[in-house]
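Let me begin by presenting the structure, written as structure tokens, before commenting on it.
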Amino acid sequence: MPQPLNYLKETASQTAGPYVHIGLIPAMAGFDIFERNFSNVLVTPNTKGERITLEGKVLDGTGTPLRDVLLEIWQANAAGRYNHPADRSAGALDEDFRGWGRAGSDFDSGLVTFETIKPGAITDKAGRKCAPHINVWIVARGINIGLNTRLYFSDEEAANAADPVLNLIEQPVRRKTLIATRSERAGKVVYAFTINLQGPEETVFFDV
Amino acid sequence: MNAQAPAALRDPRLNSPEPFTPPLGDGGFFQRDRSIHPPAHAPGYKSSVLRSPRQSLLSLENSVSEITGPVFGHNDLGPLDNDLIRNYAKDGDPIGERIIVHGRVLDETGRGVPNTLVEFWQANAGGRYRHKKDTYLAPIDPNFGGCGRALTDETGYYYFRTVKPGPYPWRNYVNSWRPAHIHFSVFGSGFAQRLITQMYFEGDPLIPICPILTTIPDKDALDRLVAPLDLNASSPFDSLAYRFDIVLRGQRSTYFENRTAGN
């Protein structure tokens, strides 16, 4: 018998369930309890960067929007720097940007929105430029372990074409599932996205 | 009926961990062992059928996008956030068995995960959630919200006070009942450690027949979600206590420093 390694095992995931709002966004469950609440607005008036709205839906295998899903996003600031000590890149920190938010889908339409800024490009360990992107984590009733995906930006064609993660996706047609589409509406920049849990246009999900 | 055996009896290190130095490396998290997690597609839990990806997940080496994650502080919390007996009380205490839930957030090397946000939510003692979509006939408790949160201390320890949730029926089979449980959301230091799970109570006869719990293919992994009664931590003439340790993925250090950020 070799020596035991004695690592602990990760705790098993369980679904967030249909009432995830109670714990994570209680106002959506219909009551007010905390003095401070987390939300889908990542920006303050002082945050640096281009204001954008992310707007999208998560669709099940029949194409029906999930109306009880919760998304979290994690992103770099406008200078491409994450607000975390493990990011030792050169971009300046923005004290008015934590870079994280969460949103529940609308109980009727399934629409999910975030108010944030467009992140800057980051550099990976190998020194390669990575296209600007937003990391997304998805939980809901019926999702047994949180799903990780990313959103890239339709107006970053050259950067997307060179991005090392997008290029890991074997079928170019599947890369499109991660691209949010830019438009302008009433003077606001909106990026629209669709996350398909199944089907011919199933979104690429990552084992991170 | 080993399914109800408490986690502490199976892996003593969970309650008295002997941490060891994480391996040097690239700062990435240990590869997730998906064999101890429920599969996305678990037909016995019917809601998973249309909500489970069918393509393979694309394996991604951890980059700065995965090893970083949001940092929270005491400014994000209020003073009653970890006291579910008081944080929604209007004209008295909530109905139910008073309990303390406590434990540590560890990583796979046995080290405590400090200053990390732990959020929890649950049904009331009758099995009813304070949620506009919950229509179970058990009554709402006017003095119980059912959610709270805490930051772990420098050793990874957290605790909160609440009432024991009740079991409740749900639409899976016509007579499916959830065992009493508390939902947990935990962050860790990097976004790739993000985890949502559920804690169950030692001795609950609904545990071995729950369609959600039994999606977990590994029996030991299932048992580790069952919190033992911790009489030593109970408060005499006040509250019983249950102990629930949570293990997040371990992380390699980087070559540039001995300890990873936040650990």
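FYI, nothing fancy with the structure tokens labels: chains A, B, ... in order, residues from 1 per chain, ligands from 1 as they appear.
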Leu8 (chain A) environment, 7 Å, only C-alpha atoms, sequence neighbours closer than 2 positions dropped, as a ChimeraX atom specification: /A:6,10 /B:108-110
With chain B as the partner and 8 Å as the cut-off, tabulate the residues of chain A that qualify, each row holding the nearest pair of atoms and their distance in Å to one decimal, using only C-alpha atoms, sorted by chain and rising number, as CSV.
```
residue,atom,partner,partner_atom,distance
A:Asn6,CA,B:Thr109,CA,7.9
A:Tyr7,CA,B:Thr109,CA,5.4
A:Leu8,CA,B:Glu108,CA,4.5
A:Lys9,CA,B:Glu108,CA,5.9
A:Glu10,CA,B:Val247,CA,4.8
A:Thr11,CA,B:Val247,CA,5.0
A:Ala12,CA,B:His37,CA,4.9
A:Ser13,CA,B:Thr197,CA,4.7
A:Gln14,CA,B:Thr197,CA,4.3
A:Thr15,CA,B:Thr197,CA,6.7
A:Ala16,CA,B:Ile196,CA,6.3
A:Tyr19,CA,B:His131,CA,6.7
A:Val20,CA,B:Trp121,CA,7.9
A:His21,CA,B:His131,CA,8.0
A:Ile22,CA,B:Cys147,CA,6.4
A:Gly23,CA,B:Trp121,CA,4.7
A:Leu24,CA,B:Glu119,CA,7.2
A:Ala29,CA,B:His131,CA,4.6
A:Gly30,CA,B:Lys132,CA,5.9
A:Phe31,CA,B:Arg130,CA,7.9
A:Ile33,CA,B:Tyr88,CA,6.4
A:Phe34,CA,B:Gly78,CA,6.8
A:Glu35,CA,B:Gly78,CA,6.0
A:Arg36,CA,B:Asp76,CA,6.1
A:Asn37,CA,B:Asp76,CA,7.7
A:Asp60,CA,B:Arg51,CA,5.3
A:Gly61,CA,B:Leu50,CA,4.8
A:Thr62,CA,B:Leu50,CA,7.3
A:Trp74,CA,B:Gly69,CA,6.9
A:Gln75,CA,B:Ser65,CA,7.5
A:Tyr82,CA,B:Thr68,CA,7.1
A:Asn83,CA,B:Pro70,CA,7.2
A:His84,CA,B:Thr68,CA,5.8
A:Pro85,CA,B:Ala261,CA,5.7
A:Ala86,CA,B:Ala261,CA,5.4
A:Asp87,CA,B:Val64,CA,6.3
A:Arg98,CA,B:Pro70,CA,6.7
A:Gly99,CA,B:Pro70,CA,7.0
A:Trp100,CA,B:Pro70,CA,6.0
A:Asp124,CA,B:Ser63,CA,6.2
A:Lys125,CA,B:Ser63,CA,6.9
A:Asn135,CA,B:Ser65,CA,7.2
A:Arg141,CA,B:Ser47,CA,6.8
A:Gly142,CA,B:Ser48,CA,4.0
A:Ile143,CA,B:Ser48,CA,5.9
A:Asn144,CA,B:Ala40,CA,5.5
A:Ile145,CA,B:Ala40,CA,6.7
A:Gly146,CA,B:Leu195,CA,7.2
A:Val165,CA,B:Leu60,CA,7.7
A:Ile169,CA,B:Leu58,CA,7.6
A:Leu197,CA,B:Pro53,CA,5.1
A:Gln198,CA,B:Pro53,CA,5.2
A:Glu202,CA,B:Pro53,CA,7.2
A:Val204,CA,B:Leu58,CA,7.1
A:Phe205,CA,B:Leu57,CA,5.3
A:Phe206,CA,B:Leu58,CA,4.6
A:Asp207,CA,B:Ser59,CA,4.6
A:Val208,CA,B:Leu60,CA,5.1
```
Alpha helix (DSSP H) per DSSP on the backbone: members of region 30-163 of chain A, as a list in words: Glu157, Ala158, Ala159, Asn160, Ala161 and Ala162 of chain A
Backbone DSSP call of strand (DSSP E) for region 55-197 of chain A, listed as a ChimeraX atom specification: /A:55-59,70-75,100-104,112-117,122-123,129-130,134-139,147-153,179-185,188-196
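Take CA of Tyr168 (chain B) and CA of Arg128 (chain B): the distance between them is 7.2 Å.
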Test item: residues at most 8 Å from Pro119 (chain A), only C-alpha atoms, excluding those fewer than 6 positions along its chain, as an MDAnalysis selection string: chainID A and resid 49 75:80 132:134
Could you write out the selected residues, including C-alpha atoms, as a PDB file, in the first residue's frame?
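Below is the file part25.pdb, written as the result:
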```pdb
ATOM      1  CA  GLY A  49     -15.719  52.179 -18.592  1.00  0.00           C
ATOM      2  CA  GLN A  75     -15.625  40.085 -15.015  1.00  0.00           C
ATOM      3  CA  ALA A  76     -12.549  42.254 -15.286  1.00  0.00           C
ATOM      4  CA  ASN A  77     -12.803  46.029 -15.136  1.00  0.00           C
ATOM      5  CA  ALA A  78     -12.415  48.358 -18.103  1.00  0.00           C
ATOM      6  CA  ALA A  79      -8.623  48.041 -17.831  1.00  0.00           C
ATOM      7  CA  GLY A  80      -8.774  44.250 -17.997  1.00  0.00           C
ATOM      8  CA  PRO A 132     -12.894  40.698 -23.548  1.00  0.00           C
ATOM      9  CA  HIS A 133     -15.356  38.351 -21.902  1.00  0.00           C
ATOM     10  CA  ILE A 134     -17.684  37.929 -18.976  1.00  0.00           C
TER      11      ILE A 134
END
```
